[in-house]
file data_14.cif (mmCIF, C-alpha atoms and all ligand atoms)
data_final
loop_
_atom_site.label_atom_id
_atom_site.label_comp_id
_atom_site.auth_asym_id
_atom_site.auth_seq_id
_atom_site.Cartn_x
_atom_site.Cartn_y
_atom_site.Cartn_z
CA MET A 1 128.12 113.87 216.33
CA SER A 2 130.08 114.34 219.47
CA GLY A 3 133.83 114.48 219.78
CA LYS A 4 133.80 111.02 221.35
CA THR A 5 132.34 109.45 218.22
CA ILE A 6 134.96 111.14 216.09
CA LEU A 7 137.66 109.49 218.14
CA LYS A 8 136.29 106.15 216.93
CA LEU A 9 136.87 107.02 213.28
CA ALA A 10 139.93 105.44 211.65
CA LYS A 11 142.65 107.83 210.53
CA VAL A 12 144.39 107.36 207.22
CA GLN A 13 147.85 107.31 208.81
CA ASP A 14 146.82 104.41 211.06
CA SER A 15 145.18 102.37 208.29
CA PRO A 16 146.55 99.51 206.16
CA VAL A 17 146.61 101.44 202.90
CA LYS A 18 150.09 100.64 201.57
CA GLY A 19 150.05 99.75 197.88
CA ARG A 20 146.25 99.68 197.72
CA SER A 21 143.83 101.33 195.33
CA VAL A 22 142.27 104.10 197.35
CA VAL A 23 139.10 105.93 196.40
CA MET A 24 139.32 109.37 198.00
CA ARG A 25 136.42 111.84 198.21
CA VAL A 26 137.84 115.33 197.92
CA ASP A 27 136.17 118.72 197.75
CA TYR A 28 137.47 120.20 194.50
CA ASN A 29 134.47 122.50 194.23
CA VAL A 30 136.74 125.39 193.22
CA PRO A 31 135.97 128.54 191.22
CA ILE A 32 136.94 127.99 187.56
CA ASP A 33 136.58 130.70 184.96
CA LYS A 34 137.29 129.74 181.34
CA GLY A 35 139.51 126.89 182.50
CA ILE A 36 141.45 129.01 185.01
CA ILE A 37 141.25 128.10 188.70
CA SER A 38 141.05 131.37 190.64
CA ASP A 39 141.25 129.89 194.15
CA ASP A 40 143.11 126.63 194.75
CA THR A 41 142.69 126.51 198.55
CA ARG A 42 140.58 123.36 198.48
CA ILE A 43 142.97 121.56 196.13
CA LYS A 44 145.96 122.43 198.27
CA ALA A 45 144.07 121.34 201.39
CA SER A 46 143.97 117.78 200.03
CA LEU A 47 147.68 117.54 199.23
CA LYS A 48 148.91 116.24 202.58
CA THR A 49 146.78 113.10 202.37
CA LEU A 50 147.37 112.75 198.66
CA LYS A 51 151.16 112.83 199.05
CA PHE A 52 150.95 110.44 201.99
CA LEU A 53 149.10 107.91 199.83
CA LEU A 54 151.38 108.37 196.82
CA ASP A 55 154.45 107.84 199.03
CA LEU A 56 152.90 104.53 200.07
CA LYS A 57 152.57 103.61 196.40
CA CYS A 58 148.81 103.71 196.41
CA LYS A 59 146.79 104.21 193.26
CA VAL A 60 144.52 107.13 194.16
CA ILE A 61 141.12 107.54 192.53
CA LEU A 62 139.81 111.02 193.31
CA ILE A 63 136.09 111.74 193.29
CA SER A 64 134.51 115.18 193.69
CA HIS A 65 131.62 117.38 192.70
CA LEU A 66 131.90 120.84 191.17
CA GLY A 67 129.13 123.42 191.43
CA ARG A 68 125.48 122.69 190.76
CA PRO A 69 125.32 121.50 187.15
CA LYS A 70 121.90 120.92 185.62
CA ASP A 71 123.30 118.43 183.15
CA ASN A 72 126.75 117.74 181.73
CA GLU A 73 127.47 121.47 181.44
CA PRO A 74 131.11 121.76 180.25
CA LYS A 75 131.77 124.74 182.55
CA TYR A 76 131.41 122.36 185.49
CA SER A 77 134.02 119.92 184.22
CA LEU A 78 136.82 118.94 186.59
CA LYS A 79 139.29 118.57 183.70
CA PRO A 80 141.17 121.82 184.47
CA VAL A 81 141.70 120.51 188.01
CA ALA A 82 143.45 117.38 186.67
CA THR A 83 145.99 119.50 184.77
CA TYR A 84 146.45 121.80 187.75
CA LEU A 85 146.87 118.92 190.17
CA GLN A 86 149.53 117.31 188.01
CA GLY A 87 151.56 120.52 188.31
CA LEU A 88 151.18 120.49 192.10
CA VAL A 89 151.98 116.86 192.91
CA GLY A 90 154.38 115.92 190.13
CA ALA A 91 152.74 112.47 189.80
CA ASN A 92 150.78 111.37 186.74
CA VAL A 93 147.17 112.51 186.93
CA HIS A 94 144.82 110.70 184.53
CA PHE A 95 141.40 112.16 183.86
CA ALA A 96 138.26 110.12 183.17
CA ALA A 97 135.67 112.11 181.23
CA ASP A 98 132.81 110.33 183.01
CA CYS A 99 132.87 109.17 186.60
CA ILE A 100 131.26 105.82 185.81
CA GLY A 101 131.17 103.51 182.81
CA LYS A 102 133.57 101.37 180.80
CA ASP A 103 136.02 104.13 179.90
CA ALA A 104 136.47 105.27 183.49
CA LYS A 105 136.98 101.66 184.59
CA LYS A 106 139.64 101.14 181.93
CA ILE A 107 141.50 104.34 182.87
CA VAL A 108 141.50 103.30 186.53
CA GLU A 109 142.67 99.78 185.67
CA GLN A 110 145.50 101.06 183.49
CA ALA A 111 146.77 103.62 186.00
CA LYS A 112 149.80 102.44 187.97
CA GLN A 113 150.47 102.46 191.69
CA GLY A 114 151.77 105.91 192.69
CA GLU A 115 149.49 107.56 190.11
CA ILE A 116 146.23 109.47 190.35
CA VAL A 117 142.98 109.23 188.47
CA LEU A 118 140.57 112.14 188.76
CA LEU A 119 137.03 111.24 187.75
CA GLU A 120 134.70 113.76 186.12
CA ASN A 121 132.17 115.74 188.21
CA LEU A 122 129.98 113.31 190.17
CA ARG A 123 127.00 115.64 189.87
CA PHE A 124 126.84 115.05 186.13
CA HIS A 125 124.83 112.05 187.37
CA SER A 126 121.66 112.83 189.33
CA GLU A 127 122.22 109.58 191.28
CA GLU A 128 124.99 111.30 193.25
CA LYS A 129 122.70 113.70 195.11
CA LYS A 130 120.03 111.02 195.48
CA ASN A 131 122.52 108.85 197.36
CA ASP A 132 121.70 106.10 194.87
CA ASP A 133 122.99 102.82 196.20
CA ASN A 134 123.97 101.36 192.84
CA PHE A 135 125.88 104.52 191.91
CA ALA A 136 127.71 104.44 195.26
CA LYS A 137 128.60 100.78 194.68
CA GLN A 138 129.97 101.54 191.20
CA LEU A 139 132.21 104.25 192.66
CA SER A 140 133.41 101.89 195.37
CA GLU A 141 134.47 99.29 192.80
CA TYR A 142 137.41 101.43 191.65
CA GLY A 143 139.34 100.64 194.81
CA ASP A 144 139.65 98.57 197.96
CA PHE A 145 139.80 101.38 200.51
CA PHE A 146 137.94 104.68 200.95
CA VAL A 147 139.35 107.91 202.37
CA GLN A 148 136.99 110.72 203.28
CA GLU A 149 138.75 114.05 202.80
CA ALA A 150 135.87 116.30 201.71
CA PHE A 151 135.03 118.07 204.95
CA GLY A 152 132.83 120.62 203.16
CA THR A 153 130.40 117.91 202.03
CA LEU A 154 130.09 115.88 205.24
CA HIS A 155 126.74 117.47 206.05
CA ARG A 156 125.26 115.99 202.88
CA ALA A 157 124.04 112.42 202.46
CA HIS A 158 125.12 111.81 198.88
CA ALA A 159 126.42 108.66 197.18
CA SER A 160 130.06 109.75 197.35
CA THR A 161 129.88 111.22 200.84
CA ALA A 162 127.75 108.66 202.67
CA GLY A 163 126.56 105.78 200.45
CA ILE A 164 130.01 104.63 199.38
CA SER A 165 131.31 104.09 202.93
CA LYS A 166 129.44 100.86 203.54
CA TYR A 167 131.18 99.16 200.61
CA LEU A 168 134.78 99.84 201.62
CA ASP A 169 137.03 99.87 204.65
CA ASN A 170 137.56 103.54 205.31
CA ALA A 171 139.32 106.31 207.17
CA ILE A 172 139.37 110.08 207.42
CA GLY A 173 142.20 112.06 205.82
CA TYR A 174 144.42 114.70 207.42
CA LEU A 175 142.18 117.61 206.41
CA VAL A 176 139.03 116.14 207.95
CA GLN A 177 141.04 115.33 211.08
CA LYS A 178 142.25 118.93 211.37
CA GLU A 179 138.78 120.34 210.79
CA LEU A 180 137.26 118.12 213.46
CA GLU A 181 140.10 118.73 215.87
CA TYR A 182 139.59 122.50 215.76
CA LEU A 183 135.82 122.27 215.91
CA ASP A 184 136.15 119.95 218.90
CA LYS A 185 138.61 122.38 220.44
CA SER A 186 136.08 125.17 220.25
CA MET A 187 133.00 123.17 221.19
CA ILE A 188 134.33 120.84 223.89
CA ASN A 189 136.24 122.50 226.66
CA PRO A 190 137.34 125.64 224.79
CA ALA A 191 140.02 127.91 226.25
CA ARG A 192 138.04 130.79 227.80
CA PRO A 193 136.94 133.47 227.29
CA PHE A 194 135.32 131.95 224.22
CA VAL A 195 133.95 134.55 221.80
CA ALA A 196 131.84 133.77 218.72
CA ILE A 197 131.26 136.36 216.01
CA ILE A 198 128.38 135.59 213.70
CA GLY A 199 127.66 137.87 210.77
CA GLY A 200 126.30 137.58 207.25
CA ALA A 201 122.92 138.22 205.78
CA LYS A 202 120.46 135.53 206.81
CA VAL A 203 119.39 134.88 210.37
CA SER A 204 117.36 131.94 209.06
CA ASP A 205 120.54 130.17 207.91
CA LYS A 206 122.27 130.59 211.24
CA ILE A 207 119.47 130.48 213.77
CA ASP A 208 120.27 126.95 214.95
CA VAL A 209 123.94 127.73 215.33
CA LEU A 210 123.07 130.80 217.41
CA TYR A 211 120.87 128.70 219.70
CA SER A 212 123.75 126.26 220.11
CA LEU A 213 126.50 128.84 220.61
CA VAL A 214 124.58 130.66 223.28
CA ASP A 215 125.00 127.52 225.41
CA LYS A 216 128.75 127.43 224.91
CA VAL A 217 130.32 130.86 224.55
CA ASP A 218 131.13 133.62 227.02
CA THR A 219 130.43 136.37 224.49
CA LEU A 220 128.25 136.20 221.38
CA ILE A 221 128.80 139.00 218.89
CA ILE A 222 126.22 139.46 216.16
CA GLY A 223 127.04 141.66 213.20
CA GLY A 224 126.21 142.00 209.50
CA ALA A 225 122.63 142.21 208.34
CA MET A 226 121.67 139.63 211.00
CA ALA A 227 122.17 142.27 213.65
CA TYR A 228 119.21 144.32 212.41
CA THR A 229 116.76 141.50 213.13
CA PHE A 230 118.17 141.36 216.66
CA LEU A 231 117.97 145.15 217.03
CA ALA A 232 114.38 145.06 215.76
CA ALA A 233 113.68 142.40 218.40
CA GLN A 234 114.79 144.96 220.99
CA TYR A 235 112.49 147.59 219.44
CA SER A 236 115.40 149.63 218.15
CA ASN A 237 114.78 151.56 214.91
CA VAL A 238 116.60 149.93 211.98
CA GLY A 239 115.35 152.16 209.13
CA LYS A 240 115.35 150.31 205.82
CA SER A 241 118.02 147.80 206.82
CA LEU A 242 117.56 144.12 206.01
CA VAL A 243 115.34 142.51 208.65
CA GLU A 244 113.85 139.02 208.65
CA LYS A 245 110.53 139.78 210.29
CA ASP A 246 109.63 136.12 210.76
CA LYS A 247 112.82 135.61 212.78
CA ILE A 248 112.24 138.40 215.28
CA GLU A 249 110.63 135.97 217.76
CA ASP A 250 113.65 133.65 217.47
CA ALA A 251 115.95 136.62 218.01
CA LYS A 252 114.02 137.46 221.19
CA LYS A 253 114.39 133.87 222.42
CA ILE A 254 118.14 133.91 221.77
CA ILE A 255 118.50 137.23 223.62
CA LEU A 256 116.58 135.74 226.56
CA LYS A 257 118.64 132.54 226.51
CA ALA A 258 121.84 134.58 226.53
CA PHE A 259 120.57 136.53 229.54
CA LYS A 260 119.64 133.32 231.41
CA ASN A 261 123.01 131.70 230.57
CA ASP A 262 124.91 134.80 231.66
CA VAL A 263 126.31 135.10 228.14
CA GLU A 264 127.30 138.57 226.98
CA LEU A 265 125.40 139.24 223.72
CA LEU A 266 126.79 142.17 221.77
CA LEU A 267 125.09 143.95 218.89
CA PRO A 268 126.51 146.88 216.91
CA ALA A 269 126.50 150.11 218.95
CA ASP A 270 126.75 152.26 215.81
CA HIS A 271 126.51 151.73 212.06
CA ILE A 272 127.67 152.95 208.68
CA VAL A 273 124.49 153.88 206.85
CA VAL A 274 123.57 154.92 203.31
CA LYS A 275 120.35 155.86 201.54
CA GLU A 276 121.08 153.61 198.59
CA ILE A 277 123.31 150.52 198.35
CA LYS A 278 125.77 151.90 195.79
CA PHE A 279 129.56 152.02 196.11
CA ASP A 280 129.60 155.82 195.87
CA SER A 281 126.54 156.60 198.03
CA PRO A 282 127.24 159.27 200.67
CA LYS A 283 127.82 157.47 204.00
CA GLU A 284 127.01 158.51 207.54
CA VAL A 285 127.91 157.11 210.93
CA THR A 286 124.99 156.78 213.35
CA GLN A 287 125.36 158.20 216.84
CA SER A 288 123.72 155.18 218.49
CA MET A 289 122.43 151.74 217.66
CA ALA A 290 119.28 153.30 216.17
CA ILE A 291 119.11 153.86 212.41
CA GLY A 292 117.07 156.73 210.90
CA ASP A 293 113.94 155.99 208.87
CA ASN A 294 115.35 156.31 205.34
CA TRP A 295 118.75 154.82 206.02
CA ILE A 296 120.18 151.35 205.42
CA GLY A 297 122.88 149.79 207.60
CA VAL A 298 125.75 148.46 205.48
CA ASP A 299 128.62 148.05 207.97
CA VAL A 300 129.38 148.39 211.65
CA GLY A 301 130.50 151.81 212.85
CA PRO A 302 133.86 152.80 214.40
CA ARG A 303 132.74 152.48 218.06
CA THR A 304 131.45 148.98 217.37
CA GLU A 305 134.71 148.05 215.67
CA MET A 306 136.66 149.13 218.76
CA LEU A 307 134.32 147.26 221.09
CA PHE A 308 134.47 144.02 219.08
CA ILE A 309 138.27 144.24 218.73
CA GLU A 310 138.59 144.61 222.52
CA LYS A 311 136.57 141.41 222.96
CA ILE A 312 138.80 139.56 220.50
CA LYS A 313 141.89 140.79 222.35
CA MET A 314 140.57 139.41 225.64
CA ALA A 315 139.48 136.06 224.21
CA ARG A 316 141.41 132.77 224.25
CA THR A 317 139.20 131.14 221.60
CA VAL A 318 137.39 132.98 218.80
CA PHE A 319 135.06 131.46 216.22
CA TRP A 320 134.02 133.69 213.32
CA ASN A 321 131.49 133.05 210.58
CA GLY A 322 129.99 135.76 208.38
CA PRO A 323 131.05 139.28 207.38
CA LEU A 324 130.01 142.31 209.42
CA GLY A 325 128.95 144.39 206.45
CA ILE A 326 128.54 144.33 202.67
CA PHE A 327 132.28 143.71 202.40
CA GLU A 328 132.18 143.01 198.64
CA THR A 329 131.89 146.81 198.25
CA ASP A 330 135.15 148.40 199.43
CA ALA A 331 133.32 151.34 200.98
CA PHE A 332 131.43 148.98 203.32
CA ALA A 333 134.26 146.54 204.13
CA HIS A 334 136.01 148.45 206.92
CA GLY A 335 134.38 146.64 209.83
CA SER A 336 134.94 143.14 208.43
CA ILE A 337 138.56 143.91 207.57
CA ALA A 338 139.20 145.34 211.04
CA ILE A 339 137.90 142.11 212.59
CA ALA A 340 140.08 140.03 210.25
CA LYS A 341 143.16 141.99 211.32
CA ALA A 342 142.25 141.65 214.99
CA MET A 343 141.87 137.88 214.51
CA ALA A 344 145.36 137.65 212.98
CA ALA A 345 146.84 139.71 215.83
CA ALA A 346 145.08 137.53 218.42
CA THR A 347 146.44 134.36 216.81
CA LYS A 348 149.95 135.76 217.16
CA SER A 349 149.46 136.16 220.88
CA GLY A 350 148.26 132.58 221.34
CA THR A 351 144.48 132.80 220.93
CA ILE A 352 142.87 129.94 219.01
CA THR A 353 141.13 131.52 216.03
CA ILE A 354 138.76 129.52 213.86
CA LEU A 355 137.05 130.80 210.75
CA GLY A 356 134.33 129.30 208.62
CA GLY A 357 132.36 130.17 205.52
CA GLY A 358 133.29 131.22 202.01
CA ASP A 359 132.51 134.90 202.57
CA THR A 360 134.58 135.05 205.74
CA LEU A 361 137.54 133.59 203.85
CA SER A 362 137.03 136.23 201.15
CA VAL A 363 137.22 138.92 203.86
CA ILE A 364 140.56 137.51 205.01
CA LYS A 365 141.85 137.66 201.46
CA LYS A 366 140.62 141.22 201.06
CA ALA A 367 142.42 142.14 204.31
CA ASN A 368 145.64 140.66 202.87
CA ILE A 369 145.79 138.10 205.63
CA SER A 370 146.97 134.61 204.78
CA GLN A 371 145.22 131.56 206.20
CA GLU A 372 148.46 130.64 208.00
CA GLN A 373 148.02 133.76 210.14
CA LEU A 374 144.96 132.15 211.76
CA SER A 375 144.75 128.91 213.73
CA HIS A 376 142.27 127.26 211.40
CA CYS A 377 140.27 128.27 208.34
CA SER A 378 137.54 125.74 207.72
CA THR A 379 137.09 124.61 204.13
CA GLY A 380 133.41 123.92 204.82
CA GLY A 381 131.20 126.71 206.14
CA GLY A 382 127.95 124.71 206.08
CA ALA A 383 129.51 121.55 207.55
CA SER A 384 131.23 123.46 210.36
CA LEU A 385 127.99 125.25 211.29
CA GLU A 386 126.03 121.99 211.36
CA PHE A 387 128.72 120.42 213.52
CA ILE A 388 128.45 123.30 215.98
CA GLU A 389 124.66 122.99 215.94
CA GLY A 390 125.23 119.48 217.28
CA LYS A 391 123.72 117.83 214.21
CA ASN A 392 124.93 114.47 212.97
CA LEU A 393 127.00 114.85 209.82
CA PRO A 394 125.83 112.05 207.49
CA GLY A 395 129.30 111.70 205.95
CA LEU A 396 130.80 110.95 209.35
CA VAL A 397 127.97 108.77 210.60
CA ALA A 398 128.31 106.59 207.49
CA LEU A 399 132.04 106.09 208.18
CA SER A 400 131.59 105.16 211.80
CA GLN A 401 128.90 102.61 210.98
CA ASN A 402 131.15 100.64 208.66
P1 LIG B 501 125.99 134.77 204.68
O1 LIG B 501 126.00 133.95 203.42
O2 LIG B 501 124.73 134.65 205.46
O3 LIG B 501 127.23 134.59 205.50
O4 LIG B 501 125.98 136.28 204.21
C1 LIG B 501 127.05 136.88 203.55
C2 LIG B 501 126.54 138.13 202.92
O5 LIG B 501 126.06 139.00 203.93
C3 LIG B 501 127.59 138.91 202.17
O6 LIG B 501 127.32 138.83 200.80
C4 LIG B 501 127.42 140.33 202.70
O7 LIG B 501 127.41 141.31 201.68
C5 LIG B 501 126.07 140.27 203.36
N1 LIG B 501 125.90 141.33 204.38
C6 LIG B 501 126.67 141.57 205.45
N2 LIG B 501 126.24 142.67 206.08
C7 LIG B 501 125.17 143.13 205.40
C8 LIG B 501 124.30 144.25 205.55
N3 LIG B 501 124.48 145.12 206.54
N4 LIG B 501 123.29 144.39 204.66
C9 LIG B 501 123.12 143.52 203.65
N5 LIG B 501 123.92 142.45 203.45
C10 LIG B 501 124.94 142.26 204.32
#
call {"tool": "encode", "arguments": {"input": "data_14.cif", "output": "structure tokens"}}
result
Amino acid sequence: MSGKTILKLAKVQDSPVKGRSVVMRVDYNVPIDKGIISDDTRIKASLKTLKFLLDLKCKVILISHLGRPKDNEPKYSLKPVATYLQGLVGANVHFAADCIGKDAKKIVEQAKQGEIVLLENLRFHSEEKKNDDNFAKQLSEYGDFFVQEAFGTLHRAHASTAGISKYLDNAIGYLVQKELEYLDKSMINPARPFVAIIGGAKVSDKIDVLYSLVDKVDTLIIGGAMAYTFLAAQYSNVGKSLVEKDKIEDAKKIILKAFKNDVELLLPADHIVVKEIKFDSPKEVTQSMAIGDNWIGVDVGPRTEMLFIEKIKMARTVFWNGPLGIFETDAFAHGSIAIAKAMAAATKSGTITILGGGDTLSVIKKANISQEQLSHCSTGGGASLEFIEGKNLPGLVALSQN
């Protein structure tokens, strides 16, 4: 979906929502351990729209999924979120223990304007993921307006993300607007130089985004385990590092495309290597981009760090998705943390910095950098990548067709 189409979507602040019953799709897929929410970023991200609607005396019916439950597994209940939300917004938050059925209907009916109802995990019903029309209709009947605020699920055609839109007048919330605004900023007419840093483990997950970025950026930096497939494509020795052999041909095509497009494609120039992936394994730094036969690359080396940081310093727009090493292990997190710090410093001097993906956000946390120190941290890694790939996001297409 192009930026132009997005402009056609109604925004919540321009919509006739005052005093209405608004069904709002949020992404409260948050980590919960024994009832304790360990990361509330996604809940907080919905507050601006939520408060806006409550101020307008709307009754807000919140719908969300949580995790990938096989059945009604209690550990995937959204109940702890209802209690938590009440503490954050100060308005009454009612919880319905099933997202459809008589009881849920009654709770919604009895809730007053200016109050919230949070419905139980949508994925406790298999109809949600099947985009079942009847299920979508039942969800729509709780209100007379629909607000889409779950950016992280827009790339999925489910009942609550796509199916529901045709039954209600609708608009996008503030969070979805901000996400799209920053993605547009980077993809359409970005301030240049535009640098993209793509890391993480699986080339196969990010191959399409690499093909797309190589048409848009000035510099494409590839780090993390993905880099070894690209190094293998250039016949460099990568030892026992993670390589996706069936993606080597794609890597070659991307390298060629970068060359044709006059895009600078940077791979690690040195690596931190170990013989065994254990936190206390003796580490070595390679002298070049080649890795010895029995060694495994686990992080970028110090020369690479310096090179990548220089590129970030010179950029006016930077997009980053995916860690540059096995950052979960402190001993292999140096490269990713150095990039996170460079991103925060660049933001301070006016560069637009955009981050996506759960692991990349974890790196930021590990580097003690707050999300406010970057221009935009996307709440949806998968959705932001698909947007960049130029794919239609079913959740947005459904809204615009209403
Ligand atoms: P992704 O989900 O594709 O963004 O991949 C994130 C994962 O990539 C993280 O769990 C990292 O530990 C992993 N990763 C990054 N660099 C490496 C590496 N050199 N070897 C193995 N895994 C890596």
call {"tool": "atom_distance", "arguments": {"input": "data_14.cif", "atom1": "CA of Ala232 (chain A)", "atom2": "CA of Ile197 (chain A)"}}
result
19.0 Å
call {"tool": "closest_residue", "arguments": {"input": "data_14.cif", "among": "A:Val298, A:Met226, A:Ala342, A:Leu265", "to": "Thr329 (chain A)", "atoms": "only C-alpha atoms"}}
result
A:Val298
call {"tool": "atom_distance", "arguments": {"input": "data_14.cif", "atom1": "CA of Pro282 (chain A)", "atom2": "atom O5 of ligand LIG 501 (chain B)"}}
result
20.6 Å
call {"tool": "residues_near_ligand", "arguments": {"input": "data_14.cif", "ligand": "ligand LIG 501 (chain B)", "cutoff": "10 Å", "atoms": "only C-alpha atoms and all ligand atoms", "output": "PyMOL selection string"}}
result
chain A and resi 198-206+223-228+240-243+271-273+277+296-300+321-329+332-333+335-336+356-360+362-363+381-382
call {"tool": "atom_distance", "arguments": {"input": "data_14.cif", "atom1": "CA of Val81 (chain A)", "atom2": "CA of Leu54 (chain A)"}}
result
17.9 Å
call {"tool": "residues_around", "arguments": {"input": "data_14.cif", "residues": "region 166-172 of chain A", "least_positions_apart": "2", "cutoff": "9 Å", "atoms": "all atoms listed in the file", "output": "number ranges by chain"}}
result
A: 9-15, 136-137, 140-141, 143-149, 162-164, 174-177, 396, 398-402
call {"tool": "build_atoms", "arguments": {"input": "data_14.cif", "residues": "region 241-248 of chain A", "atoms": "all heavy atoms", "output": "PDB file, in the frame of the given file"}}
result
ATOM      1  N   SER A 241     117.040 148.891 206.811  1.00  0.00           N
ATOM      2  CA  SER A 241     118.020 147.800 206.820  1.00  0.00           C
ATOM      3  C   SER A 241     117.314 146.458 206.667  1.00  0.00           C
ATOM      4  O   SER A 241     116.122 146.332 206.956  1.00  0.00           O
ATOM      5  CB  SER A 241     118.812 147.795 208.125  1.00  0.00           C
ATOM      6  OG  SER A 241     119.318 149.072 208.387  1.00  0.00           O
ATOM      7  N   LEU A 242     118.092 145.471 206.240  1.00  0.00           N
ATOM      8  CA  LEU A 242     117.560 144.120 206.010  1.00  0.00           C
ATOM      9  C   LEU A 242     117.119 143.483 207.338  1.00  0.00           C
ATOM     10  O   LEU A 242     117.930 143.334 208.253  1.00  0.00           O
ATOM     11  CB  LEU A 242     118.704 143.283 205.406  1.00  0.00           C
ATOM     12  CG  LEU A 242     118.365 142.093 204.533  1.00  0.00           C
ATOM     13  CD1 LEU A 242     117.590 142.536 203.299  1.00  0.00           C
ATOM     14  CD2 LEU A 242     119.663 141.416 204.101  1.00  0.00           C
ATOM     15  N   VAL A 243     115.836 143.169 207.423  1.00  0.00           N
ATOM     16  CA  VAL A 243     115.340 142.510 208.650  1.00  0.00           C
ATOM     17  C   VAL A 243     114.508 141.296 208.221  1.00  0.00           C
ATOM     18  O   VAL A 243     113.739 141.374 207.270  1.00  0.00           O
ATOM     19  CB  VAL A 243     114.436 143.473 209.475  1.00  0.00           C
ATOM     20  CG1 VAL A 243     113.681 142.717 210.561  1.00  0.00           C
ATOM     21  CG2 VAL A 243     115.264 144.587 210.086  1.00  0.00           C
ATOM     22  N   GLU A 244     114.710 140.178 208.908  1.00  0.00           N
ATOM     23  CA  GLU A 244     113.850 139.020 208.650  1.00  0.00           C
ATOM     24  C   GLU A 244     112.752 139.023 209.705  1.00  0.00           C
ATOM     25  O   GLU A 244     112.961 138.563 210.832  1.00  0.00           O
ATOM     26  CB  GLU A 244     114.663 137.725 208.723  1.00  0.00           C
ATOM     27  CG  GLU A 244     115.475 137.454 207.475  1.00  0.00           C
ATOM     28  CD  GLU A 244     116.359 136.226 207.619  1.00  0.00           C
ATOM     29  OE1 GLU A 244     115.848 135.101 207.512  1.00  0.00           O
ATOM     30  OE2 GLU A 244     117.556 136.395 207.859  1.00  0.00           O
ATOM     31  N   LYS A 245     111.614 139.579 209.312  1.00  0.00           N
ATOM     32  CA  LYS A 245     110.530 139.780 210.290  1.00  0.00           C
ATOM     33  C   LYS A 245     110.105 138.478 210.966  1.00  0.00           C
ATOM     34  O   LYS A 245     109.817 138.451 212.161  1.00  0.00           O
ATOM     35  CB  LYS A 245     109.318 140.420 209.589  1.00  0.00           C
ATOM     36  CG  LYS A 245     109.539 141.877 209.230  1.00  0.00           C
ATOM     37  CD  LYS A 245     108.207 142.617 209.151  1.00  0.00           C
ATOM     38  CE  LYS A 245     108.435 144.093 208.914  1.00  0.00           C
ATOM     39  NZ  LYS A 245     108.317 144.485 207.504  1.00  0.00           N
ATOM     40  N   ASP A 246     110.106 137.385 210.168  1.00  0.00           N
ATOM     41  CA  ASP A 246     109.630 136.120 210.760  1.00  0.00           C
ATOM     42  C   ASP A 246     110.672 135.474 211.688  1.00  0.00           C
ATOM     43  O   ASP A 246     110.431 134.406 212.238  1.00  0.00           O
ATOM     44  CB  ASP A 246     109.220 135.122 209.657  1.00  0.00           C
ATOM     45  CG  ASP A 246     110.343 134.795 208.696  1.00  0.00           C
ATOM     46  OD1 ASP A 246     111.261 135.642 208.558  1.00  0.00           O
ATOM     47  OD2 ASP A 246     110.330 133.715 208.096  1.00  0.00           O
ATOM     48  N   LYS A 247     111.804 136.149 211.848  1.00  0.00           N
ATOM     49  CA  LYS A 247     112.820 135.610 212.780  1.00  0.00           C
ATOM     50  C   LYS A 247     112.954 136.466 214.030  1.00  0.00           C
ATOM     51  O   LYS A 247     113.810 136.207 214.883  1.00  0.00           O
ATOM     52  CB  LYS A 247     114.186 135.500 212.069  1.00  0.00           C
ATOM     53  CG  LYS A 247     114.224 134.464 210.975  1.00  0.00           C
ATOM     54  CD  LYS A 247     114.064 133.055 211.537  1.00  0.00           C
ATOM     55  CE  LYS A 247     113.658 132.093 210.436  1.00  0.00           C
ATOM     56  NZ  LYS A 247     112.937 130.919 210.889  1.00  0.00           N
ATOM     57  N   ILE A 248     112.124 137.503 214.121  1.00  0.00           N
ATOM     58  CA  ILE A 248     112.240 138.400 215.280  1.00  0.00           C
ATOM     59  C   ILE A 248     111.949 137.646 216.585  1.00  0.00           C
ATOM     60  O   ILE A 248     112.631 137.836 217.587  1.00  0.00           O
ATOM     61  CB  ILE A 248     111.315 139.632 215.098  1.00  0.00           C
ATOM     62  CG1 ILE A 248     111.926 140.533 214.012  1.00  0.00           C
ATOM     63  CG2 ILE A 248     111.148 140.407 216.410  1.00  0.00           C
ATOM     64  CD1 ILE A 248     111.158 141.798 213.711  1.00  0.00           C
TER      65      ILE A 248
END
